[in-house]
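Containing compact mmCIF, C-alpha atoms: data33.txt.
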```txt
# COMPACT_ATOMS: atom_id res chain seq x y z
CA MET G 1 358.51 68.23 0.90
CA ARG G 2 359.94 71.42 2.37
CA LYS G 3 356.47 72.40 3.46
CA ILE G 4 356.07 69.05 5.27
CA HIS G 5 359.40 69.44 7.06
CA ALA G 6 358.49 72.96 8.01
CA PHE G 7 355.14 71.80 9.39
CA GLN G 8 356.81 69.04 11.44
CA SER G 9 359.38 71.41 12.89
CA CYS G 10 356.63 73.87 13.68
CA SER G 11 354.62 71.12 15.44
CA LYS G 12 357.63 70.05 17.49
CA GLY G 13 358.22 73.62 18.54
CA PHE G 14 354.59 74.00 19.50
CA ILE G 15 354.63 70.82 21.62
CA ALA G 16 357.83 71.85 23.31
CA ARG G 17 356.28 75.19 24.21
CA THR G 18 353.10 73.55 25.59
CA SER G 19 352.64 74.17 29.32
CA SER G 20 352.23 71.41 31.93
CA ALA G 21 348.56 72.32 32.28
CA SER G 22 347.97 71.59 28.60
CA ARG G 23 349.78 68.27 28.84
CA TYR G 24 347.66 67.35 31.86
CA LEU G 25 344.47 68.32 29.97
CA ALA G 26 345.49 66.14 27.04
CA SER G 27 346.28 63.17 29.26
CA GLN G 28 343.03 63.71 31.13
CA LYS G 29 340.99 63.58 27.93
CA PHE G 30 342.91 60.53 26.73
CA LEU G 31 342.34 58.55 29.97
CA ALA G 32 338.66 59.46 30.08
CA SER G 33 338.15 58.45 26.45
CA VAL G 34 339.89 55.12 27.03
CA ALA G 35 337.85 54.48 30.15
CA CYS G 36 334.59 55.21 28.34
CA SER G 37 335.40 53.36 25.14
CA ARG G 38 336.90 50.18 26.68
CA PRO G 39 334.75 48.67 29.46
CA TYR G 40 336.76 46.94 32.18
CA THR G 41 336.39 43.17 31.95
CA VAL G 42 338.28 40.33 33.62
CA SER G 43 338.54 36.74 32.50
CA SER G 44 336.63 34.19 34.56
CA ALA G 45 339.83 32.38 35.62
CA ARG G 46 341.41 35.56 36.97
CA ARG G 47 338.13 36.63 38.57
CA ASP G 48 337.76 33.27 40.39
CA PHE G 49 341.36 33.43 41.60
CA THR G 50 341.27 36.99 42.85
CA SER G 51 337.84 36.57 44.45
CA PHE G 52 339.53 34.42 47.08
CA PHE G 53 341.63 37.37 48.26
CA CYS G 54 339.66 40.54 47.53
CA HIS G 55 336.08 40.93 48.71
CA ASN G 56 334.78 43.74 46.52
CA GLN G 57 333.04 44.33 43.25
CA GLN G 58 336.05 45.39 41.17
CA TRP G 59 336.60 41.83 39.87
CA SER G 60 333.09 41.33 38.56
CA ALA G 61 332.61 41.33 34.77
CA ARG G 62 331.09 44.52 33.41
CA SER G 63 329.52 44.96 30.00
CA ASP G 64 328.96 48.71 30.22
CA GLY G 65 331.36 51.62 30.50
CA LEU G 66 332.59 53.19 33.68
CA LYS G 67 330.27 55.42 35.67
CA PRO G 68 330.89 59.17 35.83
CA SER G 69 332.18 58.75 39.37
CA ASP G 70 334.75 56.25 38.11
CA ILE G 71 335.83 58.66 35.37
CA THR G 72 336.29 61.31 38.04
CA ARG G 73 338.60 58.95 39.94
CA VAL G 74 340.60 58.32 36.75
CA ARG G 75 340.96 62.07 36.29
CA GLY G 76 342.11 62.30 39.89
CA ILE G 77 344.88 59.81 39.18
CA ALA G 78 346.02 61.77 36.14
CA HIS G 79 345.93 64.99 38.18
CA ALA G 80 348.06 63.36 40.88
CA VAL G 81 350.66 62.33 38.28
CA ALA G 82 350.79 65.77 36.69
CA GLU G 83 350.71 67.78 39.91
CA PRO G 84 351.80 65.63 42.87
CA ASP G 85 351.55 68.51 45.37
CA ALA G 86 347.87 69.11 44.66
CA VAL G 87 344.98 67.57 46.58
CA HIS G 88 343.41 64.77 44.58
CA VAL G 89 340.65 62.20 44.82
CA ALA G 90 341.54 58.80 46.32
CA PRO G 91 342.04 56.13 43.64
CA ALA G 92 339.41 53.48 42.99
CA GLY G 93 339.57 50.35 45.10
CA PHE G 94 340.49 52.19 48.30
CA LYS G 95 338.38 53.75 51.02
CA GLU G 96 339.13 55.86 54.01
CA VAL G 97 339.33 54.18 57.42
CA GLU G 98 336.20 54.80 59.47
CA VAL G 99 336.48 56.71 62.71
CA LEU G 100 336.05 54.42 65.70
CA THR G 101 333.05 55.93 67.43
CA PRO G 102 331.85 54.25 70.64
CA ARG G 103 329.00 52.59 68.75
CA ARG G 104 331.28 51.20 66.04
CA LEU G 105 333.81 50.09 68.63
CA LEU G 106 331.18 48.10 70.53
CA LYS G 107 330.12 46.48 67.26
CA ILE G 108 333.72 45.52 66.51
CA TYR G 109 334.14 44.11 70.02
CA ALA G 110 331.03 41.99 69.47
CA GLN G 111 332.50 40.68 66.21
CA LEU G 112 335.81 39.89 67.88
CA ALA G 113 333.95 38.02 70.62
CA LYS G 114 331.82 36.15 68.03
CA SER G 115 328.65 37.26 69.80
CA ARG G 116 326.44 34.40 68.58
CA LEU G 117 328.90 31.75 69.70
CA THR G 118 329.41 33.55 73.03
CA ILE G 119 325.65 33.66 73.65
CA LEU G 120 325.44 29.91 73.01
CA VAL G 121 328.32 29.28 75.44
CA VAL G 122 326.62 31.39 78.13
CA LEU G 123 323.31 29.58 77.65
CA THR G 124 324.96 26.17 78.04
CA ALA G 125 326.68 27.41 81.21
CA MET G 126 323.30 28.56 82.53
CA SER G 127 321.91 25.09 81.85
CA GLY G 128 324.44 23.71 84.32
CA VAL G 129 323.19 26.20 86.92
CA ALA G 130 319.55 25.39 86.20
CA LEU G 131 319.99 21.60 86.37
CA SER G 132 322.15 21.64 89.47
CA PRO G 133 320.34 20.34 92.60
CA LEU G 134 322.17 22.92 94.71
CA PRO G 135 320.59 26.34 95.28
CA ALA G 136 321.82 29.29 93.23
CA THR G 137 321.46 32.96 94.04
CA VAL G 138 320.99 35.80 91.56
CA PRO G 139 324.56 37.15 92.08
CA ILE G 140 326.00 33.70 91.31
CA LEU G 141 323.81 33.41 88.23
CA LEU G 142 324.81 36.83 86.88
CA SER G 143 328.50 36.49 87.72
CA THR G 144 328.64 33.08 86.02
CA ALA G 145 327.05 34.51 82.89
CA VAL G 146 329.33 37.57 82.78
CA GLY G 147 332.51 35.64 83.60
CA THR G 148 331.76 32.96 81.00
CA ALA G 149 331.02 35.60 78.35
CA LEU G 150 334.32 37.37 79.06
CA CYS G 151 336.28 34.12 78.83
CA SER G 152 334.60 33.27 75.53
CA ALA G 153 335.29 36.77 74.16
CA SER G 154 338.98 36.49 75.03
CA ALA G 155 339.35 33.04 73.46
CA ASN G 156 337.59 34.07 70.24
CA THR G 157 339.65 37.25 69.90
CA LEU G 158 342.93 35.40 70.40
CA ASN G 159 341.77 32.90 67.79
CA GLN G 160 341.14 35.64 65.22
CA LEU G 161 344.47 37.32 65.97
CA GLN G 162 346.30 34.15 64.95
CA GLU G 163 344.21 33.48 61.85
CA ILE G 164 344.27 36.86 60.08
CA PRO G 165 346.09 35.64 56.93
CA TYR G 166 343.91 32.53 56.75
CA ASP G 167 340.62 34.34 57.37
CA ALA G 168 341.50 36.64 54.47
CA GLN G 169 341.39 33.64 52.13
CA MET G 170 337.99 32.33 53.24
CA ALA G 171 334.81 33.83 51.83
CA ARG G 172 332.89 33.53 55.11
CA THR G 173 335.59 35.12 57.29
CA ARG G 174 337.20 37.79 55.11
CA GLN G 175 334.88 40.45 56.56
CA ARG G 176 336.10 39.99 60.14
CA PRO G 177 337.38 43.20 61.78
CA LEU G 178 341.07 42.28 61.82
CA VAL G 179 341.02 41.15 58.19
CA ARG G 180 339.48 44.35 56.90
CA ARG G 181 341.65 46.39 59.33
CA ALA G 182 338.74 47.95 61.15
CA ILE G 183 340.82 47.61 64.30
CA SER G 184 344.54 47.19 64.85
CA PRO G 185 345.99 43.88 66.09
CA LEU G 186 347.42 45.69 69.12
CA HIS G 187 343.99 47.03 70.04
CA ALA G 188 342.46 43.57 69.63
CA ALA G 189 345.23 42.03 71.74
CA GLY G 190 344.47 44.53 74.49
CA PHE G 191 340.79 43.62 74.35
CA ALA G 192 341.67 39.92 74.57
CA ALA G 193 343.99 40.54 77.53
CA VAL G 194 341.43 42.58 79.48
CA THR G 195 338.61 40.08 78.95
CA GLY G 196 340.97 37.15 79.54
CA VAL G 197 341.91 38.51 82.97
CA ALA G 198 338.50 39.89 83.93
CA GLY G 199 336.58 36.70 83.10
CA PRO G 200 338.44 34.28 85.40
CA ALA G 201 338.68 37.02 88.07
CA VAL G 202 334.90 37.46 88.14
CA LEU G 203 334.40 33.70 88.32
CA TRP G 204 337.03 33.32 91.05
CA PHE G 205 335.67 35.96 93.43
CA MET G 206 331.93 35.71 92.63
CA ALA G 207 331.41 32.01 91.81
CA SER G 208 334.15 29.57 92.81
CA PRO G 209 337.88 29.00 92.15
CA ILE G 210 337.10 25.75 90.30
CA THR G 211 334.84 27.64 87.90
CA ALA G 212 337.57 30.23 87.29
CA CYS G 213 340.12 27.51 86.55
CA LEU G 214 337.74 25.88 84.08
CA GLY G 215 337.22 29.24 82.34
CA ALA G 216 340.97 29.87 82.06
CA THR G 217 341.48 26.30 80.82
CA ASN G 218 338.93 26.86 78.08
CA ILE G 219 340.74 30.00 76.92
CA VAL G 220 344.02 28.09 76.62
CA LEU G 221 342.43 25.09 74.92
CA TYR G 222 340.60 27.16 72.32
CA ALA G 223 343.14 29.93 71.65
CA ALA G 224 346.24 27.74 71.79
CA ALA G 225 345.57 24.03 71.27
CA TYR G 226 342.51 24.16 68.99
CA THR G 227 343.75 27.05 66.84
CA TRP G 228 347.18 25.50 66.38
CA LEU G 229 345.81 22.04 65.60
CA LYS G 230 343.50 23.34 62.86
CA ARG G 231 346.48 23.47 60.50
CA LYS G 232 348.21 20.37 61.86
CA SER G 233 345.76 17.53 62.51
CA VAL G 234 342.09 16.56 62.24
CA SER G 235 342.15 16.01 66.02
CA ASN G 236 341.35 19.72 66.35
CA THR G 237 337.65 18.82 66.21
CA TRP G 238 337.95 16.61 69.27
CA VAL G 239 339.75 19.37 71.19
CA GLY G 240 337.04 21.81 70.14
CA ALA G 241 334.39 19.40 71.42
CA VAL G 242 336.09 19.39 74.84
CA VAL G 243 335.97 23.20 74.81
CA GLY G 244 332.24 23.06 74.08
CA GLY G 245 331.59 20.53 76.85
CA ILE G 246 333.20 22.57 79.66
CA PRO G 247 330.70 25.52 80.00
CA PRO G 248 327.84 23.47 81.56
CA VAL G 249 330.36 22.04 84.02
CA MET G 250 331.28 25.63 84.89
CA GLY G 251 327.64 26.29 85.73
CA TRP G 252 327.58 23.12 87.86
CA THR G 253 330.67 24.12 89.87
CA ALA G 254 329.46 27.72 90.25
CA CYS G 255 326.62 26.42 92.43
CA GLY G 256 329.07 24.53 94.63
CA GLY G 257 329.06 21.16 92.89
CA LYS G 258 332.20 19.07 92.55
CA ILE G 259 333.47 17.26 89.47
CA LEU G 260 335.69 14.55 90.97
CA PRO G 261 334.45 11.76 93.26
CA SER G 262 335.88 11.28 96.73
CA ALA G 263 335.09 9.51 100.01
CA ASP G 264 332.93 12.45 101.08
CA TYR G 265 331.55 12.95 97.60
CA PRO G 266 330.83 9.50 96.12
CA ILE G 267 328.94 8.57 92.97
CA HIS G 268 325.31 7.52 93.46
CA LEU G 269 323.20 5.67 90.91
CA PHE G 270 319.45 6.33 90.69
CA LEU G 271 317.78 3.18 89.40
CA PRO G 272 314.18 3.07 88.14
CA SER G 273 311.56 2.69 90.85
CA PHE G 274 310.60 -0.82 89.71
CA LEU G 275 314.19 -2.02 90.24
CA THR G 276 314.70 -0.68 93.75
CA GLU G 277 312.63 -0.30 96.88
CA ALA G 278 314.86 2.31 98.53
CA PRO G 279 313.27 5.74 98.92
CA LEU G 280 314.60 8.62 96.86
CA ASP G 281 317.24 10.60 98.76
CA MET G 282 317.42 14.07 97.22
CA SER G 283 320.72 14.84 98.95
CA MET G 284 322.42 12.18 96.80
CA ILE G 285 321.60 13.95 93.52
CA ASP G 286 324.59 16.24 94.04
CA ASN G 287 327.20 13.78 92.76
CA PRO G 288 329.96 13.93 90.11
CA LEU G 289 327.95 11.80 87.70
CA GLY G 290 325.68 14.79 87.04
CA ALA G 291 328.58 16.97 85.92
CA PHE G 292 329.86 14.14 83.70
CA ALA G 293 326.43 13.77 82.08
CA LEU G 294 326.28 17.50 81.27
CA PHE G 295 329.76 17.37 79.78
CA MET G 296 329.00 14.33 77.61
CA LEU G 297 325.81 15.88 76.25
CA LEU G 298 327.61 18.99 74.96
CA TYR G 299 330.72 17.04 73.92
CA SER G 300 328.85 14.57 71.71
CA TRP G 301 326.50 17.25 70.36
CA GLN G 302 329.47 19.16 68.92
CA PHE G 303 330.25 16.46 66.34
CA PRO G 304 326.98 16.17 64.39
CA HIS G 305 326.50 19.91 64.70
CA PHE G 306 329.97 21.02 63.54
CA ASN G 307 330.70 18.16 61.13
CA SER G 308 327.51 18.81 59.17
CA LEU G 309 328.28 22.54 59.08
CA SER G 310 331.86 21.98 57.95
CA HIS G 311 330.71 19.65 55.15
CA PHE G 312 329.04 22.34 53.07
CA ILE G 313 331.73 24.96 53.75
CA ARG G 314 334.66 22.59 53.26
CA GLY G 315 335.73 24.58 50.20
CA SER G 316 336.58 27.53 52.44
CA TYR G 317 338.61 25.33 54.76
CA ALA G 318 340.49 23.94 51.76
CA GLN G 319 341.29 27.47 50.55
CA ALA G 320 342.85 28.40 53.90
CA GLY G 321 344.76 25.12 54.18
CA TYR G 322 343.03 23.82 57.31
CA LYS G 323 343.33 20.10 57.99
CA MET G 324 339.70 19.33 58.64
CA LEU G 325 338.12 15.91 58.40
CA CYS G 326 335.48 17.28 56.03
CA VAL G 327 338.26 18.18 53.54
CA LEU G 328 340.48 15.11 53.88
CA ASN G 329 337.75 12.46 54.20
CA PRO G 330 334.12 13.63 53.85
CA GLN G 331 332.75 10.09 54.25
CA LYS G 332 334.50 9.59 57.58
CA ASN G 333 333.40 13.07 58.63
CA ALA G 334 329.78 11.95 58.25
CA LEU G 335 330.54 8.65 59.99
CA VAL G 336 331.93 10.41 63.08
CA ALA G 337 328.79 12.54 63.23
CA LEU G 338 326.62 9.41 63.01
CA ARG G 339 328.56 7.72 65.83
CA HIS G 340 327.98 10.60 68.21
CA SER G 341 324.35 10.90 67.13
CA LEU G 342 323.90 7.30 68.24
CA LEU G 343 325.89 7.94 71.42
CA LEU G 344 323.52 10.75 72.39
CA VAL G 345 320.70 8.21 72.74
CA PRO G 346 322.13 6.34 75.78
CA ILE G 347 323.47 9.63 77.18
CA CYS G 348 319.94 11.01 77.34
CA SER G 349 318.02 7.81 78.04
CA ILE G 350 320.40 6.17 80.54
CA LEU G 351 323.14 8.47 81.83
CA PHE G 352 320.97 11.45 82.79
CA PRO G 353 318.28 9.49 84.68
CA LEU G 354 320.96 7.31 86.27
CA SER G 355 322.77 10.41 87.57
CA GLY G 356 319.60 11.68 89.21
CA LEU G 357 319.44 14.93 87.24
CA THR G 358 316.18 13.88 85.57
CA THR G 359 313.47 11.36 86.17
CA TRP G 360 313.27 8.17 84.15
CA ALA G 361 310.42 9.69 82.16
CA PHE G 362 313.04 11.74 80.35
CA ALA G 363 314.47 8.48 79.00
CA ILE G 364 311.26 8.02 77.03
CA THR G 365 310.48 11.57 75.93
CA SER G 366 314.05 12.14 74.71
CA LEU G 367 313.75 9.23 72.26
CA VAL G 368 311.62 11.25 69.84
CA PRO G 369 314.10 14.07 69.07
CA ASN G 370 316.98 11.59 69.16
CA ALA G 371 315.26 9.37 66.59
CA ILE G 372 314.69 12.32 64.24
CA CYS G 373 318.31 13.45 64.45
CA VAL G 374 319.75 9.95 64.12
CA ARG G 375 317.68 9.42 61.00
CA GLY G 376 319.09 12.64 59.49
CA SER G 377 322.66 11.65 60.35
CA TRP G 378 322.12 8.19 58.85
CA ALA G 379 320.84 9.68 55.59
CA TRP G 380 323.82 12.03 55.44
CA TRP G 381 326.27 9.16 55.97
CA ARG G 382 324.56 7.03 53.32
CA HIS G 383 324.53 9.68 50.59
CA CYS G 384 327.23 12.09 51.82
CA GLY G 385 325.49 14.92 50.00
CA GLU G 386 325.25 18.60 50.76
CA LYS G 387 321.45 18.49 51.04
CA GLU G 388 321.58 15.77 53.69
CA ALA G 389 324.33 17.64 55.56
CA ARG G 390 322.18 20.77 55.71
CA ILE G 391 319.23 18.79 57.03
CA SER G 392 321.41 17.25 59.73
CA PHE G 393 322.80 20.67 60.65
CA GLN G 394 319.30 22.14 60.96
CA ASN G 395 318.23 19.19 63.13
CA TYR G 396 320.98 19.79 65.64
CA LEU G 397 320.22 23.50 65.78
CA TRP G 398 316.91 22.82 67.53
CA TYR G 399 318.09 19.61 69.22
CA LEU G 400 320.03 21.26 72.06
CA PRO G 401 317.37 23.76 73.26
CA VAL G 402 314.68 21.08 73.02
CA MET G 403 316.72 18.64 75.09
CA LEU G 404 317.56 21.23 77.73
CA ALA G 405 313.89 22.18 77.98
CA LEU G 406 312.88 18.53 78.38
CA MET G 407 315.49 18.13 81.13
CA MET G 408 313.99 21.05 83.02
CA VAL G 409 310.53 19.55 82.68
CA HIS G 410 311.76 16.19 84.01
CA LYS G 411 314.21 17.59 86.55
CA GLN G 412 314.43 15.35 89.63
CA GLY G 413 312.59 16.86 92.59
CA LEU G 414 310.89 19.60 90.57
CA GLU G 415 307.13 19.24 90.86
CA TRP G 416 305.60 21.26 88.06
CA ARG G 417 302.06 20.36 89.16
CA ARG G 418 302.63 22.20 92.41
CA TRP G 419 304.14 25.15 90.58
CA VAL G 420 301.01 25.63 88.47
CA GLY G 421 298.70 24.95 91.41
CA MET G 422 297.31 21.59 90.23
CA GLN G 423 298.50 19.82 93.40
CA ASP G 424 298.62 20.88 97.04
CA GLU G 425 301.91 20.88 98.88
CA VAL G 426 302.54 18.00 101.27
CA PRO G 427 304.53 18.58 104.47
CA SER G 428 307.51 16.43 105.40
CA ASP G 429 305.44 14.22 107.80
CA GLY G 430 303.08 13.28 105.00
CA ALA G 431 299.95 14.93 106.45
CA ASP G 432 297.79 16.92 104.08
CA ILE G 433 297.82 20.66 104.41
CA PRO G 434 294.32 21.83 105.31
CA LYS G 435 292.70 24.03 102.74
CA PRO G 436 291.59 27.48 103.83
```

Represent the supplied structure as structure tokens.
Amino acid sequence: MRKIHAFQSCSKGFIARTSSASRYLASQKFLASVACSRPYTVSSARRDFTSFFCHNQQWSARSDGLKPSDITRVRGIAHAVAEPDAVHVAPAGFKEVEVLTPRRLLKIYAQLAKSRLTILVVLTAMSGVALSPLPATVPILLSTAVGTALCSASANTLNQLQEIPYDAQMARTRQRPLVRRAISPLHAAGFAAVTGVAGPAVLWFMASPITACLGATNIVLYAAAYTWLKRKSVSNTWVGAVVGGIPPVMGWTACGGKILPSADYPIHLFLPSFLTEAPLDMSMIDNPLGAFALFMLLYSWQFPHFNSLSHFIRGSYAQAGYKMLCVLNPQKNALVALRHSLLLVPICSILFPLSGLTTWAFAITSLVPNAICVRGSWAWWRHCGEKEARISFQNYLWYLPVMLALMMVHKQGLEWRRWVGMQDEVPSDGADIPKP
């Protein structure tokens, strides 16, 4: 017994005399052995919960031990505890902030501007320029494209600035620059301010004041009204549809067209040739009904396009607490899309030819794509399934470019046969031009 007590007292004295380096070495070996012997696993419930907030691989279940690099990080933590003044390896789960090189900064700006959405907005604005009966110069075309892109970039950046905590909870938005802190909110706010001032300024001085006012209005509607309503009411979708319908009207006004009727700028109706004997007056095509037709096309297209998209990502909207129709009432969400799918038929087959933007032949050729898309929306409303929603979404991806192309083919006063040389030009007096 005395020998045992002597051994214990000797051991205590030895431990007391052990240096800090020895204690660190012992703790280092202990942590490494634990890390290698006990693989890190997380229950499925905890993994599902944390996956909503952390987008990395540390929550995934692992059946093997830690890698040597992970053991090195564990040793770095132990070294930091033992010797806080020493340089140590950064702990697992963290990474250093990347240096903002010009190339990375441009990429972040493109993400803040939502480059794909901005390109779509610019293309719809260019459709208003292309379908306008008034002449357009290259400077007007370029300034309208640049000004519209700047306005869209400002609106999208302001939208992301307000939704940082909500984007962090959605799987499809948690990799946005502000969420992952690739750029500071102050820097993003400066980018939004510069583009928000430059966009309307370019449109004001290079296009027209009306176009600049429409661009500024779209920034306010999207960044203020639409973003705020997303967490308050399902009416946010209708406000967003108005935002999507304004860009082609901006292209219309950039060419000098007006949007409100007056005594000097009345509304003219272009009836089919078999219902009227009056000759076609090309000067009457420039009337407010054309701008209204362009607005209604993009306004109604937003619903089947966005509603079908929101249906199969409604789980993300529910996570972030957005009051979307797809979350609160999926059946009504599909019904609204079907209503506007049906509304697009008279818009294309009656309103556009009646406004004089296209010939009445467009009323017939537009029936084919409209019938395909209406059929997809009907199937989605009947079954309210994710497969049908995806089919409807894919239909309305190609619907808009096809319709705009058909409008250009059937544009009033545009003789494609003369463009390709299949028909000789006829002078204003009706006499044939002699061939050389």

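For the pair CA of Leu106 in chain G and CA of Val121 in chain G, the separation is 19.7 Å.
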
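With distances restricted to all atoms listed in the file, G:Ala198 is the closest residue to Val146 in chain G from G:Ala188, G:Ala198, G:Gly128, G:Ala113.
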
Leaving out range 222-239 of chain G and any residue of its chain fewer than 4 positions from it, which residues lie within 8 Å of it when counting only C-alpha atoms, given as a compact mmCIF listing (two decimals) with C-alpha atoms, keeping the file's coordinate frame?
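Full text of out-v9.txt as output:
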```
# COMPACT_ATOMS: atom_id res chain seq x y z
CA ALA G 155 339.35 33.04 73.46
CA ASN G 156 337.59 34.07 70.24
CA LEU G 158 342.93 35.40 70.40
CA ASN G 159 341.77 32.90 67.79
CA GLN G 162 346.30 34.15 64.95
CA ASN G 218 338.93 26.86 78.08
CA VAL G 243 335.97 23.20 74.81
CA PHE G 303 330.25 16.46 66.34
CA GLY G 321 344.76 25.12 54.18
CA TYR G 322 343.03 23.82 57.31
CA LYS G 323 343.33 20.10 57.99
CA MET G 324 339.70 19.33 58.64
CA LEU G 325 338.12 15.91 58.40
```

One residue among G:Leu161, G:Ala371, G:Leu203, G:Cys384 is nearest to Val179 in chain G when using only C-alpha atoms, and that residue is G:Leu161

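Closest to Cys348 in chain G among G:Leu404, G:Ile313, G:Leu131, G:Ile391 is G:Leu404, based on all atoms listed in the file.
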
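Our summary of the geometry notes that CA of Met407 in chain G is positioned 18.8 Å from CA of Leu141 in chain G.
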
Output as a CSV table (one decimal), keeping the file's coordinate frame: range 307-329 of chain G, completed with N, CA and C atoms.
```
chain,number,residue,atom,x,y,z
G,307,ASN,N,330.3,18.9,62.3
G,307,ASN,CA,330.7,18.2,61.1
G,307,ASN,C,329.8,18.4,60.0
G,308,SER,N,328.5,18.5,60.3
G,308,SER,CA,327.5,18.8,59.2
G,308,SER,C,327.7,20.2,58.6
G,309,LEU,N,328.0,21.2,59.5
G,309,LEU,CA,328.3,22.5,59.1
G,309,LEU,C,329.5,22.6,58.2
G,310,SER,N,330.6,21.9,58.7
G,310,SER,CA,331.9,22.0,58.0
G,310,SER,C,331.8,21.3,56.6
G,311,HIS,N,330.8,20.4,56.4
G,311,HIS,CA,330.7,19.6,55.2
G,311,HIS,C,330.4,20.6,54.0
G,312,PHE,N,329.4,21.5,54.2
G,312,PHE,CA,329.0,22.3,53.1
G,312,PHE,C,329.8,23.7,53.0
G,313,ILE,N,330.8,23.8,53.9
G,313,ILE,CA,331.7,25.0,53.8
G,313,ILE,C,333.2,24.5,53.7
G,314,ARG,N,333.3,23.2,53.3
G,314,ARG,CA,334.7,22.6,53.3
G,314,ARG,C,335.5,23.2,52.2
G,315,GLY,N,334.9,23.9,51.2
G,315,GLY,CA,335.7,24.6,50.2
G,315,GLY,C,336.5,25.7,50.8
G,316,SER,N,335.9,26.4,51.8
G,316,SER,CA,336.6,27.5,52.4
G,316,SER,C,337.7,27.0,53.3
G,317,TYR,N,337.5,25.9,54.0
G,317,TYR,CA,338.6,25.3,54.8
G,317,TYR,C,339.8,24.9,53.9
G,318,ALA,N,339.4,24.4,52.7
G,318,ALA,CA,340.5,23.9,51.8
G,318,ALA,C,341.3,25.1,51.3
G,319,GLN,N,340.6,26.3,51.0
G,319,GLN,CA,341.3,27.5,50.6
G,319,GLN,C,342.3,27.9,51.6
G,320,ALA,N,342.0,27.9,52.8
G,320,ALA,CA,342.8,28.4,53.9
G,320,ALA,C,343.9,27.4,54.3
G,321,GLY,N,343.8,26.1,53.8
G,321,GLY,CA,344.8,25.1,54.2
G,321,GLY,C,344.5,24.5,55.5
G,322,TYR,N,343.3,24.5,56.0
G,322,TYR,CA,343.0,23.8,57.3
G,322,TYR,C,342.9,22.3,57.1
G,323,LYS,N,343.4,21.6,58.0
G,323,LYS,CA,343.3,20.1,58.0
G,323,LYS,C,342.1,19.7,58.7
G,324,MET,N,341.0,19.7,58.1
G,324,MET,CA,339.7,19.3,58.6
G,324,MET,C,339.3,18.0,58.0
G,325,LEU,N,338.6,17.2,58.8
G,325,LEU,CA,338.1,15.9,58.4
G,325,LEU,C,337.2,16.0,57.2
G,326,CYS,N,336.4,17.1,57.2
G,326,CYS,CA,335.5,17.3,56.0
G,326,CYS,C,336.2,17.5,54.7
G,327,VAL,N,337.5,18.0,54.8
G,327,VAL,CA,338.3,18.2,53.5
G,327,VAL,C,339.0,16.9,53.2
G,328,LEU,N,339.6,16.3,54.1
G,328,LEU,CA,340.5,15.1,53.9
G,328,LEU,C,339.7,13.8,53.6
G,329,ASN,N,338.5,13.7,54.3
G,329,ASN,CA,337.8,12.5,54.2
G,329,ASN,C,336.3,12.8,54.5
```
